[in-house]
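Only one structure is covered here, and it is reproduced in the block below.
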Amino acid sequence: MSGADAMPGELLLSVRDLRMGFVSGRRVLSAVDGIGFELRAGETLALLGESGCGKSATALALLRLLPAAGRILGGAVEFAGRDLLQLPESAMRAVRGGGMAMIFQEPATSLNPVLTVGRQIGEVLERHAGLAGAPARARALELLAAVGIADPQRRLDEYPFQLSGGMKQRVMIAVALAGDPRLLVADEPTTALDVTIQAQILDLLRRLQAERGMGLLLITHDLGVVAQMATRVGVMYAGELVEEAPRAAFFGAPRHPYTQKLFAALPDLARRGSHLETIPGQVPSLAAMPAGCRFAARCPHAWARCRDESPRWNELAPGHRMRCHLAEEPERAAPPVARAEAPAAVSAPVAAPLLKVDALRVHFPIRRGILQRTVGHVKAVDGVSLELARGRTLALVGESGCGKTTVGKAILQLIAPTAGRAQLDGVELTGLSRGALRPLRRRMQMVFQDPFASLNPRMSVGEIIGEGMGALGVTPDVAGGQEGEGGPGGALGALLRQVGLDPAAAERYPHEFSGGQRQRIAIARALAVQPELIVCDEPTSALDVSVQAQILNLLKALQDDLGLAYLFITHNFAVVEYLAHEVAVMYLGRIVERGSVADVLRAPKHPYTQALLSAVPSPRLDAQPAFIRLPGETPSPANPPAGCHFHPRCPRASAVCRERYPERSELSATHTVHCHLYPPGK
Amino acid sequence: MLAYLVRRLLYALPILIGVNLITFALFFVVNTPDDMARMQLGVKRVTPDAIEKWKAERGYDKPLFVNSAASGAGVLTETIFFAKSARMFVGDFGRAEDGRDIAREISARMGPSLAIALPTFVLGLFVTVAFALVLAFFRASYLDFWGVVLCVALMSISGLFYIIGGQYLISKVWKLVPISGYGGGVEAWKFLILPVLIGVVSGIGSSTRWYRTIFLEEIGKDYVRTARAKGLSEAAVLFRHVLRNALIPILTGVVVVIPLLFMGSLLTESFFGIPGLGSYTIDAINAQDFAVVRAMVFIGSVLYIVGLMLTDISYTLVDPRIRFDR
């Protein structure tokens, strides 16, 4: 972690003025423009940027692995004394997987599904080390052990589908290490993983890098990962590198306006109750890059020079440089906007809860045999109870597979619950017929995770929003709109304005909008029937940080104006801290800890909550708590461990944990936990 | 796996009964037993008595589906449908209207049918997969472009054109092989080579285009990028990684037809005068020989069900993710 002080290693990679683009029709759209950086052995350079900024394209261009439409337009990539861009393809193949290896974002799809783990590692050994047969197998075993896979003997003959997500990424790393690379390119290696697994993989990468003195080029969008891993940081925007700095300088005093905005857009507790900073506008499209500074249109400091003249590199301090005219005319920087004052005190829940869920269960049967008899159940949700009052936000937090999404769907009766009750404003929802449920549907709505997949691409925005209103017979008189067919002045227009979109958007189709705008459309669709409760299922996890800030601001404003209650399903603690009033932490279908945000996030009691919180990489240099490493991964909900579900991974498990599921313990009026460490009634 | 197969076999029973019912209904919507009798007896000998006698001899004097005159189970069993269908399930197909044993006829004609269908299938599969691989290897090049154009042209032309054109050019003009007919023993290849060749050519267009699409879809996947990142050559990527994964969808379409090869091809066999099962079926339809039509449809559906089961089994061989343990 203290790479900045270590002796600089030998220069491995030197990229100069790299330019690449994508062929589109008869034109080539520039995607990476004049990137240059150096990387030494033992050093980690993090390339940071939001989606579409060209960071992955840069990584692929280094290895000349671009997709069919990609073209390298110029520059030089010097690696181990040779310019890779000038090598013939056959010599380049010796570099790929040999001197320079790469791991990818999605371990589930990046391994060949029909070849065994041993075969996929062996292939590299055969190609780059000339090993085959028994020696290759022995080496593959060593590699699997090195990446921390238990029982490597057995795993070697298994197929990727038999491994969990974290193990697949470990295998990917083993494949990359097989050629004994001096430089490892990791493209978002933990983005698809849960936080506790992410912590394991980042640990592993750090350890392997230290052992082998490898150079690591880390592509990421996550400032938290950067804070943990990087020696130096390069920030990319719209195909250009705009700032490069050693880690300490980067987190201590980011200088480029874009970098500053990125930090300001991060939600956390300190910003609770205040508006999050957003970056207005959008990244310019590849087809219409501005002539001057590419960030000028969205920059709060921009002046005429920024729009005309592309800024050159300015050295701010040794190793810290940026491309911004402010470096030459620092007096232009407007004084930083004073941050909104401290968060308002979290008030206690009021009145009767709007939503009351009691011992909700959703079990999916497992059928086997000739007669398809039910031989067991996947207990996706196993006795969840919660309450939510009007105007409040309850965050349901947990890792993938813990059943949090199923809870949301079962409350809305999109999945029939197996047992338990769910009441909306005193009306029982479970067991209602479709017809009886219909009038209740307009009082509770859902916003889904992926705004790209959840909007019908063949329907215009107006149709998407109007469909629900028509189906539930809502009279269009939202927010002061007049009666009418949803023209710019009508209800539709009012709705679109409410979520920050131009009323003219009603005529257009989802593909014409960016991710953030689509999520606004999804929110407008949910709002159209004037619900009281909205279940938000990871509404920002598919979005970039700056866009996430816009959506969070919108959700907050809507709650203040309309008194909406949110059941906010998420795995992102920063979002919880910023938005939620209460938190419930789920593990294997059950809530293990519940309380106010201050209770759970500031003084977590359950060992799982503690581990989960400590695994979240913090985007700061100082505030990283000691990690609690959880061994293994979440077990299958079809066959949960006996006793407390968490005991096999729990650092503080005792004999009683193996035998009995813990009762609910009330730690305070608002804080409850299921753990034997806190016996009830004490 | 075994439990799965047993369950599939149990599903097959209602399917076969259903297929039989539909064949039966369709046939008797067009023909009544009286029509059949007139057709078989010939115009001269038709008298009401002769028709009744013909029907009684062959069991067509009962009601079609429901015998309201009978009692108990007889309501359903003493009908033409039951009498004609039940025995097929134990492999007894009865006799054709000309008195010949259908089962013996089928076993005699299976050989010529297979002699054409099997080489056409194997050769066709090999040629189309190889052609599709070449197009995928040279994707987005002129070779790929013109290859696809050729495929579209080949599949746009009617199968009849290949048969007639091939017979004209190769047999009539060049006199390389006989125009039609069939002979046993060593000389048989002379009669087989032309129909097999034409069968392969007429199938190239659509199959190649389909396989090429499958290959290109696989080539775009993440694991192929991983394979390239390992430094493997394009040929190794294509054969070791892409081909094995692409085989999975190809198998679905291909394995299911293997059992149906026994049935022969209606078109090819009648044009080339091959005494196989295809021409047998055509002749029976023309002669309104219900016993033969019913038997052939029944065998066809049995073979199709077998084909589907073979497909499932072959899945478990090529795709380790699929195991029928439930």
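Chain lettering (A, B, ...) mirrors the order of the structure tokens, residue numbering begins at 1 for each chain separately, and ligand numbering begins at 1 in order of display.
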
Neighbours of range 308-318 of chain A within 12 Å (only C-alpha atoms; same-chain residues fewer than 2 positions away dropped), as a PyMOL selection string? chain A and resi 4+33-36+240-246+249-250+253-256+289-297+302-306+320-330

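The residue set within 10 Å of Gln228 in chain A, counting only C-alpha atoms and dropping same-chain residues fewer than 4 places from it, reads Met1, Ala199, Leu202, Asp203, Arg206, Leu223, Gly224, Arg247, Pro617, Ser618, Pro619, Arg620, Leu621 and Gln624 of chain A.
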
Can you spit out the residues from that selection as a CSV table (one decimal), in the first residue's frame, using all heavy atoms?
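Heads up, here's the output in again01.csv:
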chain,number,residue,atom,x,y,z
A,1,MET,N,0.8,-1.2,0.0
A,1,MET,CA,0.0,0.0,0.0
A,1,MET,C,0.9,1.3,0.0
A,1,MET,O,0.4,2.3,-0.4
A,1,MET,CB,-0.9,0.0,1.2
A,1,MET,CG,-2.0,-1.0,1.2
A,1,MET,SD,-3.5,-0.2,0.7
A,1,MET,CE,-4.2,0.2,2.3
A,199,ALA,N,-13.3,-7.6,-1.4
A,199,ALA,CA,-12.2,-7.4,-0.5
A,199,ALA,C,-11.2,-8.6,-0.6
A,199,ALA,O,-10.0,-8.4,-0.6
A,199,ALA,CB,-12.8,-7.3,0.9
A,202,LEU,N,-9.3,-8.2,-4.0
A,202,LEU,CA,-8.3,-7.1,-3.9
A,202,LEU,C,-7.1,-7.5,-3.1
A,202,LEU,O,-6.0,-7.2,-3.4
A,202,LEU,CB,-9.0,-5.8,-3.4
A,202,LEU,CG,-10.1,-5.2,-4.3
A,202,LEU,CD1,-10.6,-4.0,-3.7
A,202,LEU,CD2,-9.5,-4.9,-5.7
A,203,ASP,N,-7.4,-8.1,-1.9
A,203,ASP,CA,-6.3,-8.6,-1.1
A,203,ASP,C,-5.3,-9.5,-1.9
A,203,ASP,O,-4.1,-9.4,-1.8
A,203,ASP,CB,-6.9,-9.5,0.0
A,203,ASP,CG,-7.0,-8.8,1.3
A,203,ASP,OD1,-6.6,-7.6,1.3
A,203,ASP,OD2,-7.5,-9.3,2.3
A,206,ARG,N,-3.2,-7.7,-4.4
A,206,ARG,CA,-2.1,-7.0,-3.7
A,206,ARG,C,-1.0,-7.9,-3.3
A,206,ARG,O,0.2,-7.6,-3.5
A,206,ARG,CB,-2.7,-6.3,-2.5
A,206,ARG,CG,-2.9,-4.8,-2.7
A,206,ARG,CD,-3.0,-4.1,-1.4
A,206,ARG,NE,-4.0,-4.7,-0.5
A,206,ARG,CZ,-5.2,-4.3,-0.4
A,206,ARG,NH1,-5.6,-3.3,-1.1
A,206,ARG,NH2,-6.0,-4.9,0.4
A,223,LEU,N,-13.9,4.8,-6.8
A,223,LEU,CA,-12.8,5.6,-6.0
A,223,LEU,C,-12.4,4.8,-4.8
A,223,LEU,O,-11.2,4.9,-4.4
A,223,LEU,CB,-13.4,6.9,-5.6
A,223,LEU,CG,-13.4,8.0,-6.7
A,223,LEU,CD1,-14.3,9.2,-6.3
A,223,LEU,CD2,-12.0,8.5,-7.0
A,224,GLY,N,-13.3,4.0,-4.2
A,224,GLY,CA,-12.9,3.2,-3.0
A,224,GLY,C,-11.8,2.2,-3.4
A,224,GLY,O,-10.8,2.0,-2.6
A,247,ARG,N,-1.1,8.6,-5.4
A,247,ARG,CA,-2.3,8.4,-4.6
A,247,ARG,C,-2.6,9.4,-3.5
A,247,ARG,O,-3.7,10.0,-3.4
A,247,ARG,CB,-2.2,7.0,-4.0
A,247,ARG,CG,-3.5,6.6,-3.3
A,247,ARG,CD,-3.4,5.1,-2.8
A,247,ARG,NE,-2.5,5.1,-1.7
A,247,ARG,CZ,-2.8,4.6,-0.5
A,247,ARG,NH1,-4.0,4.1,-0.3
A,247,ARG,NH2,-1.9,4.6,0.5
A,617,PRO,N,-14.8,-0.6,0.4
A,617,PRO,CA,-13.6,0.2,0.3
A,617,PRO,C,-14.0,1.7,0.4
A,617,PRO,O,-14.9,2.1,-0.3
A,617,PRO,CB,-13.0,-0.1,-1.1
A,617,PRO,CG,-14.1,-0.8,-1.8
A,617,PRO,CD,-15.1,-1.3,-0.8
A,618,SER,N,-13.3,2.4,1.2
A,618,SER,CA,-13.7,3.8,1.4
A,618,SER,C,-12.9,4.7,0.5
A,618,SER,O,-11.7,4.5,0.3
A,618,SER,CB,-13.4,4.2,2.9
A,618,SER,OG,-13.1,5.6,3.0
A,619,PRO,N,-13.5,5.7,-0.1
A,619,PRO,CA,-12.8,6.5,-1.1
A,619,PRO,C,-12.0,7.6,-0.4
A,619,PRO,O,-11.9,8.7,-0.8
A,619,PRO,CB,-13.9,7.1,-1.9
A,619,PRO,CG,-15.1,7.1,-1.0
A,619,PRO,CD,-14.9,6.0,-0.1
A,620,ARG,N,-11.4,7.3,0.7
A,620,ARG,CA,-10.5,8.2,1.5
A,620,ARG,C,-9.2,7.5,1.8
A,620,ARG,O,-9.1,6.3,1.8
A,620,ARG,CB,-11.2,8.7,2.7
A,620,ARG,CG,-12.3,9.7,2.5
A,620,ARG,CD,-13.0,10.1,3.7
A,620,ARG,NE,-14.4,10.3,3.4
A,620,ARG,CZ,-15.3,9.4,3.4
A,620,ARG,NH1,-15.0,8.1,3.7
A,620,ARG,NH2,-16.6,9.7,3.1
A,621,LEU,N,-8.3,8.3,2.2
A,621,LEU,CA,-7.0,7.7,2.6
A,621,LEU,C,-7.0,7.2,4.0
A,621,LEU,O,-6.4,6.2,4.4
A,621,LEU,CB,-5.8,8.7,2.4
A,621,LEU,CG,-5.4,8.9,0.9
A,621,LEU,CD1,-4.2,9.7,0.8
A,621,LEU,CD2,-5.2,7.5,0.3
A,624,GLN,N,-10.0,4.1,6.5
A,624,GLN,CA,-10.2,2.7,6.2
A,624,GLN,C,-10.1,1.9,7.5
A,624,GLN,O,-9.1,1.8,8.1
A,624,GLN,CB,-9.2,2.2,5.2
A,624,GLN,CG,-9.6,0.9,4.5
A,624,GLN,CD,-10.8,1.1,3.6
A,624,GLN,OE1,-10.8,2.0,2.8
A,624,GLN,NE2,-11.8,0.3,3.8

I need the chain B residues near chain A as a ChimeraX atom specification; criterion: at most 9 Å, counting only C-alpha atoms. /B:2-8,140,220-233,241,244-245,318-321,325-326

Non-local contacts of range 55-57 of chain A (7 Å; only C-alpha atoms; under 2 positions in same chain excluded) as a PDB file with C-alpha atoms, in the first residue's frame:
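Just written: result27.pdb:
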ATOM      1  CA  LEU A  47      -7.147   4.313 -14.671  1.00  0.00           C
ATOM      2  CA  GLY A  49     -13.287   7.042 -15.248  1.00  0.00           C
ATOM      3  CA  CYS A  53     -14.551   7.347 -21.147  1.00  0.00           C
ATOM      4  CA  ALA A  59      -6.552  -1.581 -21.880  1.00  0.00           C
ATOM      5  CA  LEU A  60      -7.646  -3.659 -24.862  1.00  0.00           C
ATOM      6  CA  ALA A  61      -5.580  -1.532 -27.214  1.00  0.00           C
ATOM      7  CA  ASP A 187     -10.341  -4.403 -16.181  1.00  0.00           C
ATOM      8  CA  ILE A 219      -9.136  -0.110 -14.722  1.00  0.00           C
ATOM      9  CA  MET A 236      -9.888   9.685 -17.901  1.00  0.00           C
TER      10      MET A 236
END

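Nearest-residue note for Leu440 in chain A: choosing from A:Glu512, A:Asp537, A:Glu38, A:Asp425, the minimum distance belongs to A:Asp425, counting only C-alpha atoms.
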
Within 9 Å of range 154-157 of chain B, counting only C-alpha atoms, which residues qualify if same-chain residues fewer than 2 places away don't, as a CSV table (one decimal) with N, CA and C atoms, in the first residue's frame?
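File selection.csv, as written:
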chain,number,residue,atom,x,y,z
B,149,VAL,N,-23.6,-14.4,-50.0
B,149,VAL,CA,-24.4,-14.2,-51.2
B,149,VAL,C,-24.6,-15.6,-51.9
B,150,LEU,N,-23.6,-16.4,-51.9
B,150,LEU,CA,-23.8,-17.7,-52.6
B,150,LEU,C,-24.8,-18.5,-51.8
B,151,CYS,N,-24.7,-18.5,-50.5
B,151,CYS,CA,-25.6,-19.3,-49.7
B,151,CYS,C,-27.1,-18.8,-49.9
B,152,VAL,N,-27.3,-17.5,-50.0
B,152,VAL,CA,-28.6,-17.0,-50.2
B,152,VAL,C,-29.1,-17.5,-51.6
B,159,GLY,N,-35.7,-26.9,-54.5
B,159,GLY,CA,-35.0,-28.3,-54.5
B,159,GLY,C,-35.3,-29.0,-55.7
B,160,LEU,N,-36.5,-28.8,-56.3
B,160,LEU,CA,-36.8,-29.5,-57.5
B,160,LEU,C,-35.8,-29.2,-58.7
B,161,PHE,N,-35.4,-27.9,-58.7
B,161,PHE,CA,-34.5,-27.5,-59.7
B,161,PHE,C,-33.2,-28.3,-59.7
B,162,TYR,N,-32.7,-28.5,-58.4
B,162,TYR,CA,-31.4,-29.2,-58.3
B,162,TYR,C,-31.6,-30.6,-58.8
B,201,VAL,N,-26.0,-30.5,-51.9
B,201,VAL,CA,-26.0,-29.2,-52.5
B,201,VAL,C,-27.2,-28.4,-52.1
B,202,SER,N,-28.4,-29.0,-52.2
B,202,SER,CA,-29.6,-28.3,-51.9
B,202,SER,C,-29.7,-27.9,-50.4
B,203,GLY,N,-28.9,-28.5,-49.5
B,203,GLY,CA,-29.0,-28.2,-48.1
B,203,GLY,C,-27.9,-27.1,-47.7
B,204,ILE,N,-26.9,-26.9,-48.6
B,204,ILE,CA,-25.8,-26.1,-48.2
B,204,ILE,C,-26.2,-24.7,-47.7
B,205,GLY,N,-27.0,-24.0,-48.5
B,205,GLY,CA,-27.3,-22.6,-48.3
B,205,GLY,C,-27.9,-22.3,-47.0
B,206,SER,N,-29.0,-22.9,-46.6
B,206,SER,CA,-29.6,-22.5,-45.3
B,206,SER,C,-28.8,-23.0,-44.1

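Taking only C-alpha atoms, the non-local environment of range 95-112 of chain B within 6 Å (same-chain residues fewer than 5 positions away omitted) comprises Gly276, Leu277, Ala291 and Val292 of chain B.
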
Find the spatial neighbours of Pro510 in chain A, counting only C-alpha atoms, within a cut-off of 7 Å - ignore same-chain residues fewer than 3 positions away - and output them as a ChimeraX atom specification. /A:455,457,460-461,513,518

Output of the above residues as a tab-separated table (two decimals), in the first residue's frame, restricted to C-alpha atoms:
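Dumped to selection_24.tsv:
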chain	number	residue	atom	x	y	z
A	455	LEU	CA	-38.32	-0.24	-20.33
A	457	PRO	CA	-37.93	-0.51	-26.35
A	460	SER	CA	-42.60	5.67	-26.57
A	461	VAL	CA	-41.94	7.26	-23.20
A	513	PHE	CA	-31.94	8.43	-23.56
A	518	ARG	CA	-33.99	6.19	-18.44

Can you tell me, as an MDAnalysis selection string, what residues are no more than 10 Å from Ala12 in chain B when counting only C-alpha atoms, ignoring any on the same chain fewer than 5 positions away? chainID B and resid 6:7 17:18 301:302 305:306

Please identify which residues in range 23-259 of chain A DSSP calls strand (DSSP E) from the backbone, and express them as a ChimeraX atom specification. /A:23-24,27-40,44-48,70-79,82-83,100-103,183-187,215-220,232-237,240-246

Take the selection from the previous step and output its residues with C-alpha atoms, as a short mmCIF file (atom, residue, chain, number, x, y, z; two decimals), in the first residue's frame.
data_model
loop_
_atom_site.label_atom_id
_atom_site.label_comp_id
_atom_site.auth_asym_id
_atom_site.auth_seq_id
_atom_site.Cartn_x
_atom_site.Cartn_y
_atom_site.Cartn_z
CA VAL A 23 -15.27 2.29 -37.26
CA SER A 24 -18.82 3.49 -37.74
CA ARG A 27 -16.06 7.23 -40.35
CA VAL A 28 -13.71 6.35 -37.54
CA LEU A 29 -14.94 7.80 -34.24
CA SER A 30 -12.07 8.54 -31.92
CA ALA A 31 -12.54 6.83 -28.54
CA VAL A 32 -9.09 7.28 -27.01
CA ASP A 33 -7.14 10.38 -27.92
CA GLY A 34 -3.48 10.87 -27.11
CA ILE A 35 -3.17 8.84 -23.93
CA GLY A 36 0.29 8.56 -22.43
CA PHE A 37 1.54 7.04 -19.18
CA GLU A 38 4.30 4.93 -17.74
CA LEU A 39 4.15 1.95 -15.44
CA ARG A 40 6.98 0.47 -13.39
CA THR A 44 -0.23 -0.04 -9.56
CA LEU A 45 -1.60 2.56 -11.90
CA ALA A 46 -5.34 3.00 -11.61
CA LEU A 47 -7.15 4.31 -14.67
CA LEU A 48 -10.29 5.90 -13.28
CA GLY A 70 -11.79 -1.04 -33.12
CA ARG A 71 -8.79 0.53 -34.85
CA ILE A 72 -5.52 1.72 -33.38
CA LEU A 73 -4.87 5.07 -35.02
CA GLY A 74 -1.45 5.91 -33.75
CA GLY A 75 1.00 6.23 -30.90
CA ALA A 76 3.39 3.78 -29.33
CA VAL A 77 3.08 1.12 -26.62
CA GLU A 78 6.55 0.22 -25.47
CA PHE A 79 6.69 -2.91 -23.37
CA ARG A 82 9.59 -3.28 -27.94
CA ASP A 83 6.82 -1.24 -29.53
CA MET A 100 1.31 -9.11 -20.29
CA ALA A 101 -1.85 -10.80 -19.06
CA MET A 102 -5.34 -9.50 -18.56
CA ILE A 103 -8.30 -10.25 -16.31
CA LEU A 183 2.37 -6.73 -16.19
CA LEU A 184 -1.21 -7.54 -15.25
CA VAL A 185 -4.05 -5.55 -16.77
CA ALA A 186 -7.19 -5.83 -14.62
CA ASP A 187 -10.34 -4.40 -16.18
CA GLY A 215 3.12 -4.06 -12.60
CA LEU A 216 -0.64 -3.69 -12.29
CA LEU A 217 -2.79 -1.57 -14.54
CA LEU A 218 -6.14 -1.36 -12.79
CA ILE A 219 -9.14 -0.11 -14.72
CA THR A 220 -11.96 0.95 -12.43
CA ARG A 232 -0.70 6.35 -8.93
CA VAL A 233 -4.03 7.39 -10.42
CA GLY A 234 -4.91 8.53 -13.92
CA VAL A 235 -8.33 10.08 -14.48
CA MET A 236 -9.89 9.69 -17.90
CA TYR A 237 -12.64 11.77 -19.38
CA GLU A 240 -8.45 11.76 -22.72
CA LEU A 241 -6.34 11.50 -19.63
CA VAL A 242 -7.10 14.68 -17.69
CA GLU A 243 -5.22 14.25 -14.41
CA GLU A 244 -2.45 12.03 -13.17
CA ALA A 245 -1.24 12.01 -9.58
CA PRO A 246 0.32 9.84 -6.88
#

Rounded to one decimal, what separation in Å do you get between CA of Arg442 in chain A and CA of Gly468 in chain A? 8.4 Å

Mind giving me the straight-line distance from CA of Thr128 in chain B to CA of Leu169 in chain B in Å, one decimal?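 Computed distance, CA of Thr128 in chain B to CA of Leu169 in chain B, equals 23.8 Å.
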
Check range 75-202 of chain B with DSSP on the backbone and list each residue it calls alpha helix (DSSP H), as a ChimeraX atom specification. /B:75-77,80-85,102-137,142-156,159-166,188-202

Write out, as an mmCIF file, in the first residue's frame, the residues just selected, with C-alpha atoms.
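Wrote out_17.cif, looks like this:
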data_model
loop_
_atom_site.group_PDB
_atom_site.id
_atom_site.type_symbol
_atom_site.label_atom_id
_atom_site.label_comp_id
_atom_site.auth_asym_id
_atom_site.auth_seq_id
_atom_site.Cartn_x
_atom_site.Cartn_y
_atom_site.Cartn_z
ATOM 1 C CA VAL B 75 -68.182 -48.047 -26.271
ATOM 2 C CA LEU B 76 -64.580 -47.102 -26.958
ATOM 3 C CA THR B 77 -62.917 -50.406 -27.872
ATOM 4 C CA ILE B 80 -62.505 -48.460 -35.992
ATOM 5 C CA PHE B 81 -60.093 -46.132 -34.190
ATOM 6 C CA PHE B 82 -59.366 -48.510 -31.344
ATOM 7 C CA ALA B 83 -59.238 -51.635 -33.489
ATOM 8 C CA LYS B 84 -56.845 -50.063 -35.970
ATOM 9 C CA SER B 85 -54.635 -48.214 -33.463
ATOM 10 C CA ILE B 102 -46.555 -53.766 -43.836
ATOM 11 C CA ALA B 103 -43.816 -54.629 -41.325
ATOM 12 C CA ARG B 104 -41.969 -56.800 -43.855
ATOM 13 C CA GLU B 105 -42.342 -54.152 -46.555
ATOM 14 C CA ILE B 106 -40.890 -51.509 -44.235
ATOM 15 C CA SER B 107 -37.856 -53.583 -43.312
ATOM 16 C CA ALA B 108 -37.170 -54.306 -46.976
ATOM 17 C CA ARG B 109 -37.400 -50.645 -48.005
ATOM 18 C CA MET B 110 -35.422 -49.242 -45.104
ATOM 19 C CA GLY B 111 -32.091 -50.199 -46.705
ATOM 20 C CA PRO B 112 -32.410 -48.143 -49.896
ATOM 21 C CA SER B 113 -33.771 -45.186 -47.910
ATOM 22 C CA LEU B 114 -30.829 -45.229 -45.521
ATOM 23 C CA ALA B 115 -28.346 -45.733 -48.357
ATOM 24 C CA ILE B 116 -29.305 -42.284 -49.615
ATOM 25 C CA ALA B 117 -30.268 -40.442 -46.440
ATOM 26 C CA LEU B 118 -27.261 -41.365 -44.312
ATOM 27 C CA PRO B 119 -24.472 -40.295 -46.712
ATOM 28 C CA THR B 120 -26.438 -37.137 -47.540
ATOM 29 C CA PHE B 121 -26.694 -36.333 -43.850
ATOM 30 C CA VAL B 122 -23.084 -37.034 -42.892
ATOM 31 C CA LEU B 123 -21.542 -35.424 -45.943
ATOM 32 C CA GLY B 124 -23.919 -32.471 -45.748
ATOM 33 C CA LEU B 125 -23.127 -31.824 -42.097
ATOM 34 C CA PHE B 126 -19.398 -31.985 -42.718
ATOM 35 C CA VAL B 127 -19.511 -29.689 -45.739
ATOM 36 C CA THR B 128 -21.796 -27.079 -44.161
ATOM 37 C CA VAL B 129 -19.924 -26.916 -40.832
ATOM 38 C CA ALA B 130 -16.601 -26.626 -42.654
ATOM 39 C CA PHE B 131 -17.955 -23.965 -45.013
ATOM 40 C CA ALA B 132 -19.466 -22.026 -42.099
ATOM 41 C CA LEU B 133 -16.166 -22.211 -40.188
ATOM 42 C CA VAL B 134 -14.298 -20.830 -43.189
ATOM 43 C CA LEU B 135 -16.764 -17.931 -43.454
ATOM 44 C CA ALA B 136 -16.482 -17.273 -39.702
ATOM 45 C CA PHE B 137 -12.683 -17.373 -39.867
ATOM 46 C CA TYR B 142 -14.967 -10.222 -49.174
ATOM 47 C CA LEU B 143 -14.798 -14.004 -48.928
ATOM 48 C CA ASP B 144 -17.371 -13.916 -46.153
ATOM 49 C CA PHE B 145 -19.563 -11.481 -48.083
ATOM 50 C CA TRP B 146 -19.602 -13.482 -51.321
ATOM 51 C CA GLY B 147 -19.949 -16.738 -49.376
ATOM 52 C CA VAL B 148 -23.140 -15.440 -47.796
ATOM 53 C CA VAL B 149 -24.373 -14.228 -51.189
ATOM 54 C CA LEU B 150 -23.750 -17.718 -52.566
ATOM 55 C CA CYS B 151 -25.640 -19.274 -49.656
ATOM 56 C CA VAL B 152 -28.630 -17.001 -50.191
ATOM 57 C CA ALA B 153 -28.613 -17.837 -53.894
ATOM 58 C CA LEU B 154 -28.398 -21.584 -53.188
ATOM 59 C CA MET B 155 -31.254 -21.512 -50.694
ATOM 60 C CA SER B 156 -33.423 -19.365 -52.951
ATOM 61 C CA GLY B 159 -35.018 -28.252 -54.454
ATOM 62 C CA LEU B 160 -36.811 -29.521 -57.543
ATOM 63 C CA PHE B 161 -34.491 -27.465 -59.723
ATOM 64 C CA TYR B 162 -31.432 -29.217 -58.310
ATOM 65 C CA ILE B 163 -32.985 -32.614 -58.947
ATOM 66 C CA ILE B 164 -34.156 -31.936 -62.476
ATOM 67 C CA GLY B 165 -31.114 -29.857 -63.389
ATOM 68 C CA GLY B 166 -28.737 -32.468 -61.973
ATOM 69 C CA ALA B 188 -25.595 -49.501 -56.071
ATOM 70 C CA TRP B 189 -23.196 -46.556 -55.792
ATOM 71 C CA LYS B 190 -23.901 -45.610 -59.404
ATOM 72 C CA PHE B 191 -27.505 -44.988 -58.540
ATOM 73 C CA LEU B 192 -26.765 -43.331 -55.195
ATOM 74 C CA ILE B 193 -24.114 -40.799 -56.073
ATOM 75 C CA LEU B 194 -26.371 -38.318 -57.878
ATOM 76 C CA PRO B 195 -29.202 -38.133 -55.306
ATOM 77 C CA VAL B 196 -26.673 -37.829 -52.467
ATOM 78 C CA LEU B 197 -24.799 -35.044 -54.258
ATOM 79 C CA ILE B 198 -28.004 -33.179 -55.005
ATOM 80 C CA GLY B 199 -29.199 -33.642 -51.438
ATOM 81 C CA VAL B 200 -25.978 -32.135 -50.089
ATOM 82 C CA VAL B 201 -25.968 -29.177 -52.487
ATOM 83 C CA SER B 202 -29.588 -28.260 -51.887
#
